[in-house]
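Enquirer: Structure provided below as structure tokens; questions to follow.
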Amino acid sequence: MIIDQRICACGSGLRAARCCQMDFSMVPPAEANRPLLPVIERAAELHRQGAVEAAEKLCLEVLELAPGQLEGLTLLYQIRKAGGQADAAYILLRRIVELHPNTFWATSELTIALLNRGAIPEAEGHARNAVRIAPENPQSHNLMGMIMTEANRPQIGEYHYRRVMELTGGRDPILLANLAWNLKNQGRMEEARELYKESAAAAPEVLQTLLGWARMEEADRNFAAASELLDRAEKIAPGNPSVLLSRAIVYGRTRSYAQALQVLDLAATQNPNGGLGANELLEKGRLLDRIGRYDEAFEAFAEGKRLCREASGLQYLAEPAQQLAQRLRGFFTESRLAILPRATPRSDMAQPLFILGFPRSGTTLVEQTLSAHPRISAGDELPFINEITGAMTRVLNSPLSYPEAMAELWMGDQRGGLDELRDYYLDRVRNLGFVEEGAHWFTDKMPLNETHLGLIALLFPRSPMIHVFRHPLDIVLSTFSNHLTHGFYCSYALETAARHLSLVMELVEHYRGQMTLRYLPIRYEDIVDDQEGSTRRMLDFIGEPFDERCLSFHENRRYARTASYAQVTERLYDTSRYRYRNYLKQLEPAISILEPVITRLGYPI
């Protein structure tokens with residue numbers, strides 16, 4: 001038998017056969033490794049004494065014999081992390097959590113690592129496990145607060161931040177700043193402002209506090225206040241890239257594009273790694289686009305997205321996306337739908353109004369328009385339809401997953417299953433408490449909810465569904481110019497954004513051909529061309545009277561938690577309409593993918 005002696009490419013220092021090529025489900029239990037404890041204790045002692053090479057050698061010897069040994073993995077992780085070998089450290093950290101899921105410190109560190117990489121859904125799973133492991137540990141609740149805030153569920157994040165205060169009995173300045181950012185994401189600007197003042201007064205030299213406060217003021221359109229805070233931040237950290245990016249954003253909001261680009265050029269010289277980071281490049285590309293330097297703008301977008309992929313390790317999950325679409329088409333057929341029950345409509349609380357659409361298609365504009373109506377509250381991006389797809393197996397007591405689990409609804413003891421799932425959704429909404437008094441509707445504009453159009457129609461047969469279209473090439477160009485994670489990470493490359501948009505649109509056509517829907521398609525371009533007519537059409541469809549305030553959506557003081565938050569504070573403009581025409585050469589790979597969809601929707605190229 002030939003033993004593979006190759007060192008693993010991940011950089012751990014272990015043989016591949018004892019590292020990334022090993023089936024860790026076959027690792028023996030911890031009890032079997034007890035004889036090796038004295039060796040690893042010796043390695044840890046050497047490490048404390050600064051004899052890193054000797055400690056590493058012993059550590060590798062232990063893990064050769066017992067590749068799942070917790071203390072050995074921990075020490076090797078610490079050595080690789082301290083040595084700047086980030087990728088190897090990350091892989092070892094994942095292995096520790098996989099093999100020893102109740103190890104709190106590792107679960108916490110992995111959650112933060114995933115958050116920094118933009119892998120929010122996976123980070124959430126580990127953050128939840130941290131709370132399960134240590135329900136009275138402030139750090140576990142702080143992690144949940146961070147993750148829920150970044151996952152656009154700030155109300156839940158607020159609970160966990162306030163739980164930290166209860167457990168510690170204090171008002172830590174960093175925690176106050178984190179809570180302030182959370183409240184800013186809920187649109188509670190004045191409360192956030194007071195917390196930022198308290199935090200900065202207690203710890204005036206914390207850069208992140210000033211940066212967060214400045215971003216809050218910028219979001220609240222107080223540009224002078226934002227600039228003053230960035231001046232304070234600049235004194236603490238001269239030339240800091242994050243300070244410079246924030247300043248460029250403020251200049252961009254005030255249409256001082258030349259100054260914004262000068263700031264980013266300065267940031268490129270200050271970066272110790274050379275050049276701009278992913279976020280700075282995407283911002284630079286958007287600024288260049290606004291002044292008509294389109295070739296340079298696209299170069300910045302492409303390089304920014306390359307760095308996003310490199311930093312996160314994420315790419316489009318094409319196979320899972322295709323498999324889900326295929327299964328949905330296979331289940332939601334006319335014959336099956338004819339015998340599936342529908343949930344009974346409820347009249348004891350406001351009901352959902354679904355604003356459907358691909359990211360960057362105009363859904364935020366529509367939500368800001370409609371939520372200016374006194375009978376419509378803004379719900380923003382609610383994750384509950386997706387949660388229901390995950391909970392369905394448990395609720396319906398099925399051995400199958402969604403959508404096949406819905407076959408249980410044909411059983412006599414599960415005929416009320418949809419009512420239970422409907423109540424799950426509405427109870428979650430009630431607990432968040434954002435529905436305003438007197439509202440008859442609340443919006444749910446979670447991007448790509450149209451993937452589950454059939455499920456939505458069964459749960460809420462009377463709820464209006466407004467599907468916002470935009471020229472497909474404008475959509476993929478805009479997703480490519482922003483950092484977005486929706487849609488199986490499709491926006492990390494131009495071609496994958498086009499492929500996923502095509503996949504979703506084909507799925508929507510399938511649903512529309514198989515079932516009757518309370519469904520209104522509306523074009524972003526038509527809203528721009530005829531704002532009042534389009535607004536009246538949407539309100540008529542919903543069943544609400546026209547209200548003039550809906551035409552002044554830019555005066556809606558509500559903060560929109562999306563990449564469009566700045567655009568919807570301005571009057572309706574048409575510069576984003578058919579923007580793709582400036583990038584036809586660069587968009588050629590997407591055109592060939594999207595041409596059938598473009599033709600079907602009646603758009604030109």
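If you're wondering about the labels, chains in the structure tokens are A, B, ... by order shown, residues count from 1 in each chain, ligands from 1 in order shown.
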Tell me, which residues of region 402-521 of chain A carry DSSP helix (DSSP H, G or I), written as a ChimeraX atom specification?
Expert: /A:404-410,412-414,417-432,449-459,472-480,486-492,494-514
Enquirer: Could the residues of region 171-286 of chain A that have an atom at most 12 Å from region 153-165 of chain A be listed as CSV, each with its closest atom pair and the distance in Å to one decimal, counting only C-alpha atoms and ordered by chain and ascending residue number?
Expert:
```
residue,atom,partner,partner_atom,distance
A:Arg171,CA,A:Met165,CA,6.4
A:Asp172,CA,A:Met165,CA,8.1
A:Pro173,CA,A:Met165,CA,11.1
A:Ile174,CA,A:Tyr161,CA,10.9
A:Leu175,CA,A:Tyr161,CA,7.2
A:Leu176,CA,A:Tyr161,CA,8.6
A:Ala177,CA,A:Tyr161,CA,10.4
A:Asn178,CA,A:Tyr161,CA,7.9
A:Leu179,CA,A:Tyr161,CA,6.3
A:Ala180,CA,A:Glu158,CA,9.3
A:Trp181,CA,A:Pro154,CA,9.2
A:Asn182,CA,A:Pro154,CA,5.7
A:Leu183,CA,A:Pro154,CA,7.3
A:Lys184,CA,A:Pro154,CA,9.1
A:Asn185,CA,A:Pro154,CA,6.6
A:Gln186,CA,A:Pro154,CA,6.4
A:Gly187,CA,A:Pro154,CA,10.1
A:Arg188,CA,A:Pro154,CA,11.0
A:Ala192,CA,A:Glu158,CA,11.6
```
Enquirer: Now that the selection is made, can you save its residues with N, CA, C and O atoms as a tab-separated table (two decimals), in the first residue's frame?
Expert:
```tsv
chain	number	residue	atom	x	y	z
A	171	ARG	N	-23.16	49.63	30.08
A	171	ARG	CA	-23.40	50.27	28.79
A	171	ARG	C	-22.04	50.47	28.10
A	171	ARG	O	-21.50	51.58	28.04
A	172	ASP	N	-21.49	49.36	27.65
A	172	ASP	CA	-20.20	49.38	26.98
A	172	ASP	C	-20.28	50.26	25.74
A	172	ASP	O	-21.23	50.15	24.95
A	173	PRO	N	-19.31	51.15	25.51
A	173	PRO	CA	-19.38	52.06	24.37
A	173	PRO	C	-19.47	51.36	23.01
A	173	PRO	O	-20.17	51.82	22.12
A	174	ILE	N	-18.74	50.25	22.85
A	174	ILE	CA	-18.78	49.52	21.58
A	174	ILE	C	-20.17	48.92	21.37
A	174	ILE	O	-20.72	48.97	20.26
A	175	LEU	N	-20.74	48.38	22.42
A	175	LEU	CA	-22.08	47.81	22.33
A	175	LEU	C	-23.09	48.90	21.98
A	175	LEU	O	-23.99	48.69	21.15
A	176	LEU	N	-22.95	50.06	22.60
A	176	LEU	CA	-23.86	51.17	22.29
A	176	LEU	C	-23.77	51.57	20.82
A	176	LEU	O	-24.79	51.85	20.18
A	177	ALA	N	-22.55	51.57	20.29
A	177	ALA	CA	-22.37	51.91	18.88
A	177	ALA	C	-22.99	50.85	17.98
A	177	ALA	O	-23.61	51.17	16.95
A	178	ASN	N	-22.83	49.58	18.36
A	178	ASN	CA	-23.45	48.51	17.58
A	178	ASN	C	-24.97	48.61	17.60
A	178	ASN	O	-25.65	48.42	16.58
A	179	LEU	N	-25.52	48.91	18.76
A	179	LEU	CA	-26.97	49.07	18.88
A	179	LEU	C	-27.43	50.28	18.08
A	179	LEU	O	-28.50	50.26	17.45
A	180	ALA	N	-26.64	51.34	18.09
A	180	ALA	CA	-26.99	52.53	17.31
A	180	ALA	C	-27.06	52.20	15.82
A	180	ALA	O	-27.98	52.63	15.12
A	181	TRP	N	-26.10	51.44	15.32
A	181	TRP	CA	-26.12	51.03	13.91
A	181	TRP	C	-27.37	50.19	13.62
A	181	TRP	O	-28.00	50.33	12.57
A	182	ASN	N	-27.72	49.34	14.56
A	182	ASN	CA	-28.92	48.52	14.41
A	182	ASN	C	-30.16	49.41	14.31
A	182	ASN	O	-31.02	49.20	13.43
A	183	LEU	N	-30.28	50.39	15.19
A	183	LEU	CA	-31.45	51.28	15.18
A	183	LEU	C	-31.48	52.13	13.92
A	183	LEU	O	-32.55	52.42	13.38
A	184	LYS	N	-30.31	52.51	13.43
A	184	LYS	CA	-30.24	53.23	12.15
A	184	LYS	C	-30.84	52.37	11.05
A	184	LYS	O	-31.60	52.84	10.19
A	185	ASN	N	-30.56	51.06	11.06
A	185	ASN	CA	-31.10	50.17	10.05
A	185	ASN	C	-32.60	49.97	10.20
A	185	ASN	O	-33.26	49.49	9.26
A	186	GLN	N	-33.15	50.31	11.35
A	186	GLN	CA	-34.60	50.29	11.53
A	186	GLN	C	-35.23	51.64	11.18
A	186	GLN	O	-36.44	51.80	11.28
A	187	GLY	N	-34.39	52.61	10.83
A	187	GLY	CA	-34.90	53.94	10.53
A	187	GLY	C	-35.15	54.78	11.76
A	187	GLY	O	-35.73	55.87	11.66
A	188	ARG	N	-34.70	54.32	12.93
A	188	ARG	CA	-34.91	55.06	14.17
A	188	ARG	C	-33.70	55.97	14.41
A	188	ARG	O	-32.88	55.75	15.29
A	192	ALA	N	-30.77	56.36	17.43
A	192	ALA	CA	-29.40	55.97	17.07
A	192	ALA	C	-28.42	57.11	17.34
A	192	ALA	O	-27.33	56.90	17.87
```
Enquirer: Enumerate as a PDB file with N, CA, C and O atoms, in the first residue's frame all residues of region 491-604 of chain A assigned to strand (DSSP E or B) by DSSP on the backbone, naming them with the chain letters and numbers the document uses.
Expert:
```pdb
ATOM      1  N   TYR A 519     -51.784  38.855  -9.522  1.00  0.00           N
ATOM      2  CA  TYR A 519     -50.424  39.212  -9.947  1.00  0.00           C
ATOM      3  C   TYR A 519     -50.465  40.382 -10.912  1.00  0.00           C
ATOM      4  O   TYR A 519     -51.221  40.371 -11.879  1.00  0.00           O
ATOM      5  N   LEU A 520     -49.645  41.427 -10.620  1.00  0.00           N
ATOM      6  CA  LEU A 520     -49.555  42.593 -11.494  1.00  0.00           C
ATOM      7  C   LEU A 520     -48.103  42.802 -11.909  1.00  0.00           C
ATOM      8  O   LEU A 520     -47.258  43.131 -11.083  1.00  0.00           O
ATOM      9  N   PRO A 521     -47.791  42.620 -13.200  1.00  0.00           N
ATOM     10  CA  PRO A 521     -46.454  42.977 -13.663  1.00  0.00           C
ATOM     11  C   PRO A 521     -46.404  44.471 -13.968  1.00  0.00           C
ATOM     12  O   PRO A 521     -47.333  45.038 -14.534  1.00  0.00           O
ATOM     13  N   ILE A 522     -45.330  45.118 -13.573  1.00  0.00           N
ATOM     14  CA  ILE A 522     -45.196  46.549 -13.853  1.00  0.00           C
ATOM     15  C   ILE A 522     -43.737  46.861 -14.161  1.00  0.00           C
ATOM     16  O   ILE A 522     -42.824  46.326 -13.521  1.00  0.00           O
ATOM     17  N   ARG A 523     -43.534  47.705 -15.148  1.00  0.00           N
ATOM     18  CA  ARG A 523     -42.178  48.033 -15.576  1.00  0.00           C
ATOM     19  C   ARG A 523     -41.649  49.256 -14.838  1.00  0.00           C
ATOM     20  O   ARG A 523     -42.354  50.262 -14.690  1.00  0.00           O
TER      21      ARG A 523
END
```
Enquirer: Would you compute the distance between CA of Gly252 (chain A) and CA of Leu287 (chain A)? Give it in Å to one decimal.
Expert: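 Separation of CA of Gly252 (chain A) and CA of Leu287 (chain A): 7.0 Å.
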Enquirer: What lies within 12 Å of Cys490 (chain A) using only C-alpha atoms, ignoring chain neighbours under 4 positions off, as a PDB file with N, CA and C atoms, in the first residue's frame?
Expert:
```pdb
ATOM      1  N   LYS A 305     -15.487  43.095  -8.264  1.00  0.00           N
ATOM      2  CA  LYS A 305     -16.128  41.787  -8.109  1.00  0.00           C
ATOM      3  C   LYS A 305     -15.095  40.655  -8.031  1.00  0.00           C
ATOM      4  N   ARG A 309     -14.893  37.990  -4.899  1.00  0.00           N
ATOM      5  CA  ARG A 309     -14.815  36.534  -5.000  1.00  0.00           C
ATOM      6  C   ARG A 309     -13.580  36.007  -4.286  1.00  0.00           C
ATOM      7  N   LEU A 314     -16.594  32.914  -2.330  1.00  0.00           N
ATOM      8  CA  LEU A 314     -17.952  32.576  -2.759  1.00  0.00           C
ATOM      9  C   LEU A 314     -18.092  32.695  -4.271  1.00  0.00           C
ATOM     10  N   GLN A 315     -18.952  31.875  -4.827  1.00  0.00           N
ATOM     11  CA  GLN A 315     -19.299  31.949  -6.243  1.00  0.00           C
ATOM     12  C   GLN A 315     -20.710  31.411  -6.419  1.00  0.00           C
ATOM     13  N   TYR A 316     -21.268  31.649  -7.591  1.00  0.00           N
ATOM     14  CA  TYR A 316     -22.646  31.259  -7.862  1.00  0.00           C
ATOM     15  C   TYR A 316     -22.838  29.765  -7.640  1.00  0.00           C
ATOM     16  N   LEU A 317     -23.865  29.435  -6.858  1.00  0.00           N
ATOM     17  CA  LEU A 317     -24.198  28.031  -6.579  1.00  0.00           C
ATOM     18  C   LEU A 317     -25.156  27.550  -7.661  1.00  0.00           C
ATOM     19  N   ALA A 318     -24.601  27.308  -8.838  1.00  0.00           N
ATOM     20  CA  ALA A 318     -25.420  27.024 -10.019  1.00  0.00           C
ATOM     21  C   ALA A 318     -26.218  25.738  -9.871  1.00  0.00           C
ATOM     22  N   GLU A 319     -25.583  24.694  -9.393  1.00  0.00           N
ATOM     23  CA  GLU A 319     -26.280  23.404  -9.323  1.00  0.00           C
ATOM     24  C   GLU A 319     -27.445  23.428  -8.340  1.00  0.00           C
ATOM     25  N   PRO A 320     -27.265  23.930  -7.102  1.00  0.00           N
ATOM     26  CA  PRO A 320     -28.427  24.013  -6.205  1.00  0.00           C
ATOM     27  C   PRO A 320     -29.540  24.895  -6.758  1.00  0.00           C
ATOM     28  N   ALA A 321     -29.189  25.985  -7.445  1.00  0.00           N
ATOM     29  CA  ALA A 321     -30.203  26.868  -8.019  1.00  0.00           C
ATOM     30  C   ALA A 321     -30.996  26.137  -9.093  1.00  0.00           C
ATOM     31  N   PHE A 358     -36.187  40.950  -9.034  1.00  0.00           N
ATOM     32  CA  PHE A 358     -34.760  40.688  -8.907  1.00  0.00           C
ATOM     33  C   PHE A 358     -34.113  41.884  -8.209  1.00  0.00           C
ATOM     34  N   PRO A 359     -33.023  41.685  -7.479  1.00  0.00           N
ATOM     35  CA  PRO A 359     -32.323  42.840  -6.904  1.00  0.00           C
ATOM     36  C   PRO A 359     -32.015  43.885  -7.972  1.00  0.00           C
ATOM     37  N   LEU A 448     -36.271  38.157  -4.885  1.00  0.00           N
ATOM     38  CA  LEU A 448     -36.390  36.800  -5.406  1.00  0.00           C
ATOM     39  C   LEU A 448     -37.432  35.962  -4.684  1.00  0.00           C
ATOM     40  N   VAL A 476     -28.791  43.271 -14.618  1.00  0.00           N
ATOM     41  CA  VAL A 476     -27.523  42.577 -14.376  1.00  0.00           C
ATOM     42  C   VAL A 476     -26.369  43.565 -14.262  1.00  0.00           C
ATOM     43  N   THR A 479     -26.688  44.932 -10.658  1.00  0.00           N
ATOM     44  CA  THR A 479     -26.263  43.953  -9.647  1.00  0.00           C
ATOM     45  C   THR A 479     -24.746  43.789  -9.679  1.00  0.00           C
ATOM     46  N   PHE A 480     -24.177  43.880 -10.874  1.00  0.00           N
ATOM     47  CA  PHE A 480     -22.727  43.730 -11.010  1.00  0.00           C
ATOM     48  C   PHE A 480     -21.985  44.901 -10.396  1.00  0.00           C
ATOM     49  N   ASN A 482     -22.882  46.458  -7.643  1.00  0.00           N
ATOM     50  CA  ASN A 482     -23.119  46.523  -6.203  1.00  0.00           C
ATOM     51  C   ASN A 482     -22.743  45.199  -5.552  1.00  0.00           C
ATOM     52  N   HIS A 483     -22.472  45.257  -4.265  1.00  0.00           N
ATOM     53  CA  HIS A 483     -22.140  44.030  -3.541  1.00  0.00           C
ATOM     54  C   HIS A 483     -23.433  43.439  -2.976  1.00  0.00           C
ATOM     55  N   LEU A 484     -23.912  42.370  -3.597  1.00  0.00           N
ATOM     56  CA  LEU A 484     -25.164  41.728  -3.206  1.00  0.00           C
ATOM     57  C   LEU A 484     -24.927  40.231  -3.070  1.00  0.00           C
ATOM     58  N   THR A 485     -25.673  39.599  -2.161  1.00  0.00           N
ATOM     59  CA  THR A 485     -25.505  38.156  -1.948  1.00  0.00           C
ATOM     60  C   THR A 485     -26.764  37.365  -2.263  1.00  0.00           C
ATOM     61  N   HIS A 486     -27.866  38.036  -2.599  1.00  0.00           N
ATOM     62  CA  HIS A 486     -29.103  37.323  -2.901  1.00  0.00           C
ATOM     63  C   HIS A 486     -28.935  36.443  -4.138  1.00  0.00           C
ATOM     64  N   LEU A 494     -20.848  38.686 -13.873  1.00  0.00           N
ATOM     65  CA  LEU A 494     -21.858  39.177 -14.802  1.00  0.00           C
ATOM     66  C   LEU A 494     -22.675  38.034 -15.408  1.00  0.00           C
ATOM     67  N   GLU A 495     -21.989  36.995 -15.882  1.00  0.00           N
ATOM     68  CA  GLU A 495     -22.678  35.896 -16.551  1.00  0.00           C
ATOM     69  C   GLU A 495     -23.591  35.139 -15.600  1.00  0.00           C
ATOM     70  N   THR A 496     -23.165  34.973 -14.339  1.00  0.00           N
ATOM     71  CA  THR A 496     -24.000  34.213 -13.407  1.00  0.00           C
ATOM     72  C   THR A 496     -25.223  35.001 -12.989  1.00  0.00           C
ATOM     73  N   ALA A 497     -25.106  36.344 -12.920  1.00  0.00           N
ATOM     74  CA  ALA A 497     -26.294  37.164 -12.656  1.00  0.00           C
ATOM     75  C   ALA A 497     -27.297  36.992 -13.790  1.00  0.00           C
ATOM     76  N   ALA A 498     -26.799  36.972 -15.023  1.00  0.00           N
ATOM     77  CA  ALA A 498     -27.684  36.789 -16.176  1.00  0.00           C
ATOM     78  C   ALA A 498     -28.330  35.407 -16.154  1.00  0.00           C
ATOM     79  N   ARG A 499     -27.555  34.389 -15.819  1.00  0.00           N
ATOM     80  CA  ARG A 499     -28.101  33.029 -15.794  1.00  0.00           C
ATOM     81  C   ARG A 499     -29.185  32.894 -14.733  1.00  0.00           C
ATOM     82  N   HIS A 500     -28.966  33.496 -13.566  1.00  0.00           N
ATOM     83  CA  HIS A 500     -29.966  33.346 -12.509  1.00  0.00           C
ATOM     84  C   HIS A 500     -31.223  34.157 -12.820  1.00  0.00           C
ATOM     85  N   LEU A 501     -31.056  35.337 -13.402  1.00  0.00           N
ATOM     86  CA  LEU A 501     -32.222  36.116 -13.806  1.00  0.00           C
ATOM     87  C   LEU A 501     -33.056  35.340 -14.824  1.00  0.00           C
ATOM     88  N   SER A 502     -32.398  34.725 -15.785  1.00  0.00           N
ATOM     89  CA  SER A 502     -33.110  33.924 -16.787  1.00  0.00           C
ATOM     90  C   SER A 502     -33.831  32.750 -16.123  1.00  0.00           C
ATOM     91  N   LEU A 503     -33.160  32.099 -15.191  1.00  0.00           N
ATOM     92  CA  LEU A 503     -33.752  30.954 -14.490  1.00  0.00           C
ATOM     93  C   LEU A 503     -35.015  31.361 -13.736  1.00  0.00           C
ATOM     94  N   VAL A 504     -34.943  32.474 -13.022  1.00  0.00           N
ATOM     95  CA  VAL A 504     -36.083  32.925 -12.222  1.00  0.00           C
ATOM     96  C   VAL A 504     -37.245  33.354 -13.115  1.00  0.00           C
TER      97      VAL A 504
END
```
Enquirer: I'd like the neighbourhood of Leu276 (chain A) as an MDAnalysis selection string, where a residue qualifies if any of its atoms comes within 8 Å (using only C-alpha atoms), though same-chain residues fewer than 5 positions away should be ignored.
Expert: chainID A and resid 264 267:268 271 281
Enquirer: Write out the residues from the selection above, keeping all heavy atoms, as an mmCIF file, in the first residue's frame.
Expert:
```cif
data_model
loop_
_atom_site.group_PDB
_atom_site.id
_atom_site.type_symbol
_atom_site.label_atom_id
_atom_site.label_comp_id
_atom_site.auth_asym_id
_atom_site.auth_seq_id
_atom_site.Cartn_x
_atom_site.Cartn_y
_atom_site.Cartn_z
ATOM 1 N N LEU A 264 -10.836 58.830 -3.462
ATOM 2 C CA LEU A 264 -10.560 57.413 -3.714
ATOM 3 C C LEU A 264 -9.165 57.216 -4.301
ATOM 4 O O LEU A 264 -8.492 56.216 -4.005
ATOM 5 C CB LEU A 264 -11.620 56.823 -4.640
ATOM 6 C CG LEU A 264 -13.009 56.656 -4.019
ATOM 7 C CD1 LEU A 264 -14.000 56.125 -5.039
ATOM 8 C CD2 LEU A 264 -12.970 55.719 -2.806
ATOM 9 N N ALA A 267 -7.010 57.218 -1.423
ATOM 10 C CA ALA A 267 -7.140 55.951 -0.698
ATOM 11 C C ALA A 267 -6.282 54.860 -1.331
ATOM 12 O O ALA A 267 -5.702 54.021 -0.634
ATOM 13 C CB ALA A 267 -8.610 55.517 -0.663
ATOM 14 N N ALA A 268 -6.199 54.875 -2.657
ATOM 15 C CA ALA A 268 -5.391 53.867 -3.347
ATOM 16 C C ALA A 268 -3.921 53.980 -2.969
ATOM 17 O O ALA A 268 -3.214 52.973 -2.846
ATOM 18 C CB ALA A 268 -5.559 54.001 -4.855
ATOM 19 N N ASN A 271 -3.343 52.587 0.782
ATOM 20 C CA ASN A 271 -3.562 51.163 1.048
ATOM 21 C C ASN A 271 -2.224 50.435 1.091
ATOM 22 O O ASN A 271 -1.485 50.422 0.100
ATOM 23 C CB ASN A 271 -4.448 50.565 -0.050
ATOM 24 C CG ASN A 271 -4.884 49.141 0.270
ATOM 25 O OD1 ASN A 271 -4.328 48.481 1.138
ATOM 26 N ND2 ASN A 271 -5.876 48.667 -0.453
ATOM 27 N N LEU A 281 -13.577 50.012 -5.007
ATOM 28 C CA LEU A 281 -13.638 49.904 -6.466
ATOM 29 C C LEU A 281 -15.076 49.991 -6.971
ATOM 30 O O LEU A 281 -15.347 50.637 -7.990
ATOM 31 C CB LEU A 281 -12.997 48.593 -6.918
ATOM 32 C CG LEU A 281 -11.463 48.604 -6.970
ATOM 33 C CD1 LEU A 281 -10.927 47.186 -7.051
ATOM 34 C CD2 LEU A 281 -10.982 49.422 -8.164
#
```
Enquirer: Go ahead and compute the interatomic distance for CA of Gln414 (chain A) and CA of Met446 (chain A), in Å to one decimal.
Expert: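 Between CA of Gln414 (chain A) and CA of Met446 (chain A) the gap works out to 27.9 Å.
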Enquirer: Nearest residue to Thr516 (chain A) out of A:Pro447, A:Thr333, A:Pro29, A:Ala590, using only C-alpha atoms?
Expert: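 Ranked by minimum distance to Thr516 (chain A), first place goes to A:Thr333.
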Enquirer: Which residues, written as an MDAnalysis selection string, have at least one atom at most 12 Å from Ser478 (chain A), with only C-alpha atoms counted and residues fewer than 3 positions away on the same chain left out?
Expert: chainID A and resid 282 285:286 289 297:298 301 358:362 470:475 481:484 491:494 497:498 563:564 576:580 583 587
Enquirer: Please provide as an MDAnalysis selection string all residues within 7 Å of region 324-331 of chain A, with the sequence filter that same-chain residues fewer than 6 positions apart are discarded (counting only C-alpha atoms).
Expert: chainID A and resid 403:404 507 510
Enquirer: Keeping only N, CA and C atoms, write the selected residues to a file as a PDB file, in the first residue's frame.
Expert:
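Final file, part_38.pdb:
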```pdb
ATOM      1  N   PRO A 403     -40.137  21.463  -2.200  1.00  0.00           N
ATOM      2  CA  PRO A 403     -41.599  21.593  -2.189  1.00  0.00           C
ATOM      3  C   PRO A 403     -42.364  20.289  -2.034  1.00  0.00           C
ATOM      4  N   GLU A 404     -41.628  19.149  -2.131  1.00  0.00           N
ATOM      5  CA  GLU A 404     -42.326  17.864  -2.126  1.00  0.00           C
ATOM      6  C   GLU A 404     -43.075  17.615  -0.829  1.00  0.00           C
ATOM      7  N   LEU A 507     -39.081  30.445 -14.351  1.00  0.00           N
ATOM      8  CA  LEU A 507     -39.883  29.861 -13.280  1.00  0.00           C
ATOM      9  C   LEU A 507     -41.173  30.649 -13.074  1.00  0.00           C
ATOM     10  N   HIS A 510     -43.610  29.749 -15.642  1.00  0.00           N
ATOM     11  CA  HIS A 510     -44.209  28.443 -15.333  1.00  0.00           C
ATOM     12  C   HIS A 510     -45.369  28.601 -14.351  1.00  0.00           C
TER      13      HIS A 510
END
```
